[in-house]
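Participant: What follows is run-v2.txt, compact mmCIF, N, CA and C atoms and all ligand atoms.
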# COMPACT_ATOMS: atom_id res chain seq x y z
N MET A 28 129.64 109.43 112.04
CA MET A 28 128.65 109.47 110.97
C MET A 28 127.26 109.15 111.54
N SER A 29 126.32 109.99 111.24
CA SER A 29 125.01 109.77 111.83
C SER A 29 124.01 109.18 110.83
N THR A 30 124.33 109.21 109.55
CA THR A 30 123.34 108.75 108.59
C THR A 30 123.53 107.29 108.23
N LYS A 31 122.43 106.68 107.86
CA LYS A 31 122.45 105.28 107.45
C LYS A 31 123.32 105.10 106.22
N TYR A 32 123.26 106.09 105.34
CA TYR A 32 123.97 106.03 104.07
C TYR A 32 125.46 105.79 104.26
N HIS A 33 126.04 106.42 105.26
CA HIS A 33 127.47 106.32 105.45
C HIS A 33 127.86 105.35 106.56
N SER A 34 126.89 104.78 107.24
CA SER A 34 127.27 104.07 108.45
C SER A 34 127.55 102.59 108.20
N ARG A 35 128.11 101.97 109.19
CA ARG A 35 128.52 100.57 109.11
C ARG A 35 127.40 99.65 109.52
N LYS A 36 127.51 98.41 109.06
CA LYS A 36 126.59 97.35 109.49
C LYS A 36 126.70 97.17 111.00
N CYS A 37 125.59 96.81 111.60
CA CYS A 37 125.57 96.76 113.06
C CYS A 37 124.60 95.68 113.52
N ASN A 38 124.98 94.92 114.52
CA ASN A 38 124.11 93.87 115.04
C ASN A 38 123.21 94.38 116.16
N CYS A 39 121.97 93.90 116.16
CA CYS A 39 121.09 94.16 117.30
C CYS A 39 121.26 93.01 118.30
N ARG A 40 120.51 93.05 119.38
CA ARG A 40 120.64 92.00 120.41
C ARG A 40 120.17 90.63 119.93
N CYS A 41 119.33 90.63 118.88
CA CYS A 41 118.86 89.35 118.34
C CYS A 41 119.82 88.75 117.33
N GLY A 42 120.87 89.50 116.99
CA GLY A 42 121.85 88.98 116.05
C GLY A 42 121.56 89.28 114.59
N HIS A 43 120.49 90.04 114.31
CA HIS A 43 120.29 90.48 112.92
C HIS A 43 121.43 91.42 112.54
N ILE A 44 121.74 91.48 111.27
CA ILE A 44 122.69 92.48 110.80
C ILE A 44 121.89 93.64 110.22
N HIS A 45 122.00 94.79 110.85
CA HIS A 45 121.28 95.99 110.39
C HIS A 45 122.23 96.93 109.68
N ASP A 46 121.64 97.85 108.89
CA ASP A 46 122.45 98.76 108.08
C ASP A 46 123.05 99.92 108.87
N SER A 47 122.58 100.13 110.07
CA SER A 47 123.12 101.24 110.87
C SER A 47 122.91 100.96 112.35
N LYS A 48 123.65 101.72 113.15
CA LYS A 48 123.50 101.62 114.60
C LYS A 48 122.09 102.04 115.01
N LYS A 49 121.59 103.10 114.35
CA LYS A 49 120.24 103.59 114.64
C LYS A 49 119.19 102.50 114.39
N GLU A 50 119.35 101.79 113.27
CA GLU A 50 118.40 100.73 112.93
C GLU A 50 118.50 99.58 113.93
N ALA A 51 119.72 99.22 114.35
CA ALA A 51 119.91 98.14 115.32
C ALA A 51 119.29 98.53 116.67
N GLN A 52 119.47 99.79 117.07
CA GLN A 52 118.89 100.25 118.33
C GLN A 52 117.37 100.23 118.27
N ARG A 53 116.83 100.63 117.13
CA ARG A 53 115.37 100.62 116.97
C ARG A 53 114.85 99.18 117.01
N CYS A 54 115.62 98.25 116.44
CA CYS A 54 115.22 96.84 116.50
C CYS A 54 115.16 96.37 117.95
N ASN A 55 116.16 96.73 118.74
CA ASN A 55 116.15 96.36 120.16
C ASN A 55 114.90 96.90 120.86
N GLU A 56 114.56 98.17 120.57
CA GLU A 56 113.36 98.78 121.17
C GLU A 56 112.10 98.03 120.76
N LEU A 57 112.02 97.72 119.45
CA LEU A 57 110.81 97.05 118.95
C LEU A 57 110.68 95.64 119.52
N GLN A 58 111.82 94.95 119.70
CA GLN A 58 111.77 93.61 120.32
C GLN A 58 111.21 93.71 121.75
N LEU A 59 111.64 94.76 122.46
CA LEU A 59 111.13 94.96 123.82
C LEU A 59 109.64 95.26 123.81
N LEU A 60 109.22 96.12 122.87
CA LEU A 60 107.80 96.46 122.76
C LEU A 60 106.97 95.23 122.43
N GLN A 61 107.54 94.36 121.61
CA GLN A 61 106.81 93.14 121.26
C GLN A 61 106.70 92.22 122.48
N ARG A 62 107.80 92.11 123.24
CA ARG A 62 107.76 91.27 124.45
C ARG A 62 106.75 91.81 125.47
N ALA A 63 106.61 93.14 125.48
CA ALA A 63 105.66 93.77 126.40
C ALA A 63 104.22 93.71 125.89
N GLY A 64 104.06 93.20 124.66
CA GLY A 64 102.71 93.08 124.10
C GLY A 64 102.17 94.35 123.47
N GLU A 65 103.04 95.36 123.31
CA GLU A 65 102.60 96.64 122.71
C GLU A 65 102.44 96.52 121.19
N ILE A 66 103.28 95.68 120.58
CA ILE A 66 103.21 95.45 119.14
C ILE A 66 103.29 93.94 118.90
N SER A 67 103.00 93.53 117.65
CA SER A 67 103.09 92.10 117.32
C SER A 67 103.53 91.92 115.87
N GLU A 68 103.82 90.67 115.52
CA GLU A 68 104.17 90.29 114.14
C GLU A 68 105.33 91.11 113.57
N LEU A 69 106.32 91.38 114.41
CA LEU A 69 107.47 92.17 113.97
C LEU A 69 108.30 91.41 112.92
N GLU A 70 108.52 92.08 111.80
CA GLU A 70 109.37 91.53 110.74
C GLU A 70 110.44 92.55 110.42
N ILE A 71 111.64 92.07 110.10
CA ILE A 71 112.70 93.01 109.72
C ILE A 71 113.08 92.81 108.26
N GLN A 72 113.53 93.91 107.66
CA GLN A 72 114.00 93.92 106.26
C GLN A 72 113.06 93.14 105.34
N GLN A 73 111.81 93.54 105.39
CA GLN A 73 110.78 92.87 104.59
C GLN A 73 110.67 93.50 103.21
N LYS A 74 110.64 92.60 102.21
CA LYS A 74 110.55 93.04 100.81
C LYS A 74 109.10 93.33 100.45
N ILE A 75 108.85 94.54 99.97
CA ILE A 75 107.50 94.93 99.57
C ILE A 75 107.54 95.33 98.10
N THR A 76 106.69 94.69 97.29
CA THR A 76 106.67 94.99 95.85
C THR A 76 105.91 96.29 95.60
N LEU A 77 106.56 97.22 94.92
CA LEU A 77 105.91 98.48 94.57
C LEU A 77 105.32 98.40 93.16
N LEU A 78 106.05 97.73 92.28
CA LEU A 78 105.62 97.57 90.89
C LEU A 78 106.16 96.21 90.43
N PRO A 79 105.28 95.31 89.98
CA PRO A 79 105.78 93.99 89.55
C PRO A 79 106.56 94.09 88.24
N CYS A 80 107.31 93.03 87.91
CA CYS A 80 108.01 93.05 86.63
C CYS A 80 106.98 93.04 85.51
N ARG A 81 107.32 93.67 84.40
CA ARG A 81 106.38 93.79 83.28
C ARG A 81 107.06 93.30 82.01
N LYS A 82 106.29 92.52 81.25
CA LYS A 82 106.77 92.07 79.94
C LYS A 82 106.03 92.85 78.86
N TYR A 83 106.78 93.26 77.85
CA TYR A 83 106.19 94.08 76.78
C TYR A 83 106.47 93.46 75.42
N GLU A 84 105.54 93.66 74.52
CA GLU A 84 105.75 93.27 73.12
C GLU A 84 106.69 94.29 72.48
N ASN A 85 107.72 93.79 71.82
CA ASN A 85 108.61 94.65 71.04
C ASN A 85 109.34 95.72 71.85
N MET A 86 109.41 95.50 73.14
CA MET A 86 110.16 96.44 73.99
C MET A 86 110.85 95.62 75.07
N PRO A 87 111.93 96.15 75.61
CA PRO A 87 112.57 95.40 76.71
C PRO A 87 111.63 95.27 77.89
N ASN A 88 111.71 94.14 78.57
CA ASN A 88 110.92 93.95 79.80
C ASN A 88 111.49 94.84 80.89
N GLU A 89 110.66 95.08 81.90
CA GLU A 89 111.12 95.88 83.04
C GLU A 89 111.09 95.04 84.30
N ARG A 90 112.15 95.13 85.07
CA ARG A 90 112.21 94.39 86.33
C ARG A 90 111.32 95.06 87.38
N GLU A 91 111.00 94.28 88.42
CA GLU A 91 110.13 94.81 89.47
C GLU A 91 110.84 95.92 90.27
N ILE A 92 110.05 96.72 90.92
CA ILE A 92 110.59 97.70 91.87
C ILE A 92 110.18 97.24 93.26
N VAL A 93 111.15 97.05 94.13
CA VAL A 93 110.84 96.64 95.49
C VAL A 93 111.38 97.65 96.50
N TYR A 94 110.70 97.69 97.61
CA TYR A 94 111.13 98.52 98.73
C TYR A 94 111.43 97.55 99.87
N ILE A 95 112.59 97.71 100.50
CA ILE A 95 112.92 96.88 101.65
C ILE A 95 112.61 97.69 102.91
N ALA A 96 111.56 97.28 103.60
CA ALA A 96 111.16 97.99 104.82
C ALA A 96 112.08 97.57 105.97
N ASP A 97 112.60 98.52 106.72
CA ASP A 97 113.42 98.17 107.89
C ASP A 97 112.60 97.31 108.86
N PHE A 98 111.37 97.76 109.13
CA PHE A 98 110.50 97.03 110.07
C PHE A 98 109.05 97.08 109.61
N VAL A 99 108.36 95.98 109.81
CA VAL A 99 106.90 95.95 109.62
C VAL A 99 106.34 95.27 110.87
N TYR A 100 105.32 95.87 111.47
CA TYR A 100 104.72 95.26 112.65
C TYR A 100 103.28 95.73 112.80
N LYS A 101 102.59 95.09 113.71
CA LYS A 101 101.21 95.46 113.98
C LYS A 101 101.10 96.14 115.33
N GLN A 102 100.31 97.21 115.34
CA GLN A 102 100.01 97.90 116.58
C GLN A 102 98.48 97.93 116.64
N GLY A 103 97.92 97.05 117.44
CA GLY A 103 96.46 96.86 117.39
C GLY A 103 96.11 96.29 116.02
N LYS A 104 95.16 96.92 115.34
CA LYS A 104 94.76 96.44 114.01
C LYS A 104 95.52 97.13 112.90
N THR A 105 96.36 98.10 113.27
CA THR A 105 97.08 98.87 112.26
C THR A 105 98.43 98.23 111.96
N THR A 106 98.77 98.16 110.67
CA THR A 106 100.09 97.71 110.25
C THR A 106 100.99 98.92 110.10
N ILE A 107 102.16 98.87 110.71
CA ILE A 107 103.11 99.96 110.62
C ILE A 107 104.30 99.52 109.77
N ILE A 108 104.62 100.31 108.77
CA ILE A 108 105.84 100.10 107.98
C ILE A 108 106.78 101.21 108.41
N GLU A 109 107.97 100.82 108.88
CA GLU A 109 108.84 101.82 109.51
C GLU A 109 110.22 101.87 108.85
N ASP A 110 110.71 103.06 108.65
CA ASP A 110 112.03 103.25 108.06
C ASP A 110 112.88 104.14 108.95
N THR A 111 114.14 103.78 109.12
CA THR A 111 115.03 104.55 110.01
C THR A 111 116.11 105.32 109.25
N LYS A 112 115.94 105.41 107.94
CA LYS A 112 116.98 106.09 107.15
C LYS A 112 117.22 107.52 107.61
N GLY A 113 118.48 107.89 107.76
CA GLY A 113 118.80 109.27 108.06
C GLY A 113 118.99 110.06 106.78
N PHE A 114 119.66 109.44 105.83
CA PHE A 114 119.94 110.11 104.55
C PHE A 114 118.94 109.62 103.52
N LYS A 115 118.16 110.54 102.96
CA LYS A 115 117.09 110.16 102.04
C LYS A 115 117.52 110.39 100.60
N THR A 116 117.81 109.31 99.90
CA THR A 116 118.20 109.44 98.49
C THR A 116 116.95 109.72 97.65
N LYS A 117 117.18 110.18 96.40
CA LYS A 117 116.05 110.42 95.50
C LYS A 117 115.29 109.13 95.23
N ASP A 118 116.02 108.03 95.09
CA ASP A 118 115.37 106.73 94.90
C ASP A 118 114.46 106.40 96.08
N TYR A 119 114.97 106.63 97.26
CA TYR A 119 114.19 106.34 98.46
C TYR A 119 112.89 107.16 98.47
N ILE A 120 112.99 108.44 98.14
CA ILE A 120 111.81 109.31 98.19
C ILE A 120 110.76 108.86 97.17
N ILE A 121 111.20 108.47 95.98
CA ILE A 121 110.25 107.97 94.97
C ILE A 121 109.61 106.67 95.46
N LYS A 122 110.41 105.78 96.04
CA LYS A 122 109.86 104.51 96.55
C LYS A 122 108.87 104.76 97.69
N ARG A 123 109.19 105.73 98.54
CA ARG A 123 108.28 106.06 99.64
C ARG A 123 106.93 106.52 99.09
N LYS A 124 106.97 107.35 98.04
CA LYS A 124 105.73 107.84 97.45
C LYS A 124 104.91 106.70 96.83
N LEU A 125 105.60 105.80 96.13
CA LEU A 125 104.91 104.65 95.53
C LEU A 125 104.31 103.75 96.61
N LEU A 126 105.09 103.52 97.67
CA LEU A 126 104.64 102.66 98.77
C LEU A 126 103.38 103.24 99.42
N LYS A 127 103.42 104.52 99.74
CA LYS A 127 102.27 105.15 100.40
C LYS A 127 101.04 105.13 99.50
N ASP A 128 101.26 105.37 98.21
CA ASP A 128 100.14 105.38 97.28
C ASP A 128 99.52 103.99 97.18
N LYS A 129 100.37 102.96 97.15
CA LYS A 129 99.86 101.60 96.94
C LYS A 129 99.25 100.99 98.19
N TYR A 130 99.85 101.26 99.35
CA TYR A 130 99.45 100.52 100.56
C TYR A 130 98.78 101.35 101.65
N CYS A 131 98.96 102.65 101.65
CA CYS A 131 98.57 103.44 102.82
C CYS A 131 97.32 104.28 102.64
N ARG A 132 96.59 104.10 101.57
CA ARG A 132 95.47 105.00 101.32
C ARG A 132 94.22 104.60 102.08
N GLY A 133 94.18 103.36 102.56
CA GLY A 133 92.98 102.91 103.29
C GLY A 133 92.98 103.27 104.76
N GLY A 134 94.15 103.67 105.28
CA GLY A 134 94.24 104.06 106.69
C GLY A 134 94.61 102.94 107.64
N ASP A 135 94.59 101.68 107.17
CA ASP A 135 94.92 100.56 108.05
C ASP A 135 96.42 100.21 107.98
N VAL A 136 97.13 100.84 107.04
CA VAL A 136 98.57 100.67 106.94
C VAL A 136 99.20 102.07 107.01
N ILE A 137 100.13 102.22 107.94
CA ILE A 137 100.76 103.53 108.15
C ILE A 137 102.25 103.43 107.89
N PHE A 138 102.79 104.37 107.14
CA PHE A 138 104.23 104.43 106.92
C PHE A 138 104.80 105.47 107.88
N ARG A 139 105.91 105.12 108.52
CA ARG A 139 106.48 106.00 109.54
C ARG A 139 107.99 106.05 109.40
N GLU A 140 108.53 107.27 109.45
CA GLU A 140 109.99 107.43 109.48
C GLU A 140 110.38 107.78 110.91
N VAL A 141 111.35 107.08 111.45
CA VAL A 141 111.76 107.36 112.84
C VAL A 141 113.21 107.85 112.89
ZN ZN A 201 117.43 93.29 114.76
Give the structure from this file in C-alpha cells form.
Facilitator:
Amino acid sequence: MSTKYHSRKCNCRCGHIHDSKKEAQRCNELQLLQRAGEISELEIQQKITLLPCRKYENMPNEREIVYIADFVYKQGKTTIIEDTKGFKTKDYIIKRKLLKDKYCRGGDVIFREV
C-alpha cells in the first residue's frame, strides 16, 4: 500500500508515531535538514485552526475545524506547512483550500505537498 489512507502507523528515528512510512521517512529527512541548519523550528502533527467554534442564537453551535499539519518548519524567514498525504480525501482538499486562504496569502507562509 502506498497511500497514507491505507497504510500503517510507523515510527521515525526520533520515536514519533507517524501515519505512514512515507511520513516517517520525511520526518527523518527533516530532522537531518534541521541538524544541518537548513531548516529550523520543526514541529510535527501541529494543530492549525481553520475556523473557530461558533455559538449561535437559536441554532446549534458549530465545532471548530482544524487541520493537523504533518510538519511545520522554517526555511529562512518562510514558514513551510507540509503534508505527505498520498490519498487526498474530499475533506482534506477542502481543508487545504481553507488553510491556504487563511494563512498563505501573504507569501511568508507556504503550503507544500510532498
Ligand atoms: Zn518523526
Participant: Given all atoms listed in the file as the basis, pick out the residue of A:Ile121, A:Tyr83, A:Phe138, A:Thr76 nearest to Glu109 of chain A.
Facilitator: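 Comparing A:Ile121, A:Tyr83, A:Phe138, A:Thr76 against Glu109 of chain A, the winner is A:Phe138.
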Participant: Provide the atom N of Leu77 of chain A to atom C of Arg35 of chain A distance in Å, to one decimal place.
Facilitator: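 So the answer is 25.6 Å.
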Participant: Would you list the residues that come within 7 Å of ligand ZN 201 (chain A)? Count all atoms listed in the file and give the answer as a list in words.
Facilitator: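 Written in the requested form, the residues are Asn38, Cys39, Arg40, Cys41, Gly42, His43, Ile44, His45, Glu50, Ala51, Arg53, Cys54, Asn55 and Ile71 of chain A.
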Participant: Please report the interatomic distance between atom CA of Lys48 of chain A and atom CA of Lys36 of chain A in Å with one decimal.
Facilitator: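 These atoms are spaced 7.3 Å apart.
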Participant: Name the residues of chain A that fall into strand (DSSP E or B) according to DSSP on the backbone, using the chain letters and numbers of this document, as a ChimeraX atom specification.
Facilitator: /A:37-38,44-45,67-78,81,89,92-102,105-110,136-140
Participant: Would you please give, as a list of chain:residue names, all residues of segment 31-100 of chain A that DSSP assigns to helix (DSSP H, G or I) based on the backbone?
Facilitator: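 Listing helix (DSSP H, G or I) positions across segment 31-100 of chain A yields A:Lys48, A:Lys49, A:Glu50, A:Ala51, A:Gln52, A:Arg53, A:Cys54, A:Asn55, A:Glu56, A:Leu57, A:Gln58, A:Leu59, A:Leu60, A:Gln61, A:Arg62.
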Participant: For the atom pair atom N of Arg139 of chain A and atom CA of Cys80 of chain A, what is the interatomic distance in Å to one decimal place?
Facilitator: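 Here the two named atoms are 25.1 Å from each other.
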Participant: Any idea what's packed within 6 Å of Gln73 of chain A, counting all atoms listed in the file, ignoring anything in its chain fewer than 2 positions away? Could you give it as a list in words?
Facilitator: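 Close residues of Gln73 of chain A: Glu70, Ile71, Ile75, Tyr94, Ile95, Ala96, Asp97 and Phe98 of chain A.
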Participant: I need the chosen residues saved as a compact mmCIF listing (two decimals), in the frame of the given file, with N, CA and C atoms.
Facilitator:
# COMPACT_ATOMS: atom_id res chain seq x y z
N GLU A 70 108.52 92.08 111.80
CA GLU A 70 109.37 91.53 110.74
C GLU A 70 110.44 92.55 110.42
N ILE A 71 111.64 92.07 110.10
CA ILE A 71 112.70 93.01 109.72
C ILE A 71 113.08 92.81 108.26
N ILE A 75 108.85 94.54 99.97
CA ILE A 75 107.50 94.93 99.57
C ILE A 75 107.54 95.33 98.10
N TYR A 94 110.70 97.69 97.61
CA TYR A 94 111.13 98.52 98.73
C TYR A 94 111.43 97.55 99.87
N ILE A 95 112.59 97.71 100.50
CA ILE A 95 112.92 96.88 101.65
C ILE A 95 112.61 97.69 102.91
N ALA A 96 111.56 97.28 103.60
CA ALA A 96 111.16 97.99 104.82
C ALA A 96 112.08 97.57 105.97
N ASP A 97 112.60 98.52 106.72
CA ASP A 97 113.42 98.17 107.89
C ASP A 97 112.60 97.31 108.86
N PHE A 98 111.37 97.76 109.13
CA PHE A 98 110.50 97.03 110.07
C PHE A 98 109.05 97.08 109.61
Participant: Residues near Ile137 of chain A, anyone? I mean within 5 Å using only N, CA and C atoms, not counting same-chain ones fewer than 2 positions away, as a PyMOL selection string.
Facilitator: chain A and resi 106-108+135+139
Participant: I want to know what sits within 7 Å of Val141 of chain A, based on all atoms listed in the file, with residues of the same chain fewer than 3 positions away left out; could you give that as a list in words?
Facilitator: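 Near neighbours after the sequence-gap exclusion: Glu109, Asp110, Thr111 and Lys112 of chain A.
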Participant: Find, counting only N, CA and C atoms, the residue in A:Arg81, A:Lys49, A:Lys129, A:Lys74 that gets nearest to Val93 of chain A.
Facilitator: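 That would be A:Lys74, the residue with the smallest distance to Val93 of chain A.
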Participant: For the point (93.8, 98.6, 109.9) in the file's frame, write as a ChimeraX atom specification all residues with an atom no more than 5 Å away, counting all atoms listed in the file.
Facilitator: /A:104-105,134-136
Participant: Could you check which of A:Leu69, A:Val99, A:Leu78, A:Ile92 is closest to Glu140 of chain A, using only C-alpha atoms?
Facilitator: A:Val99
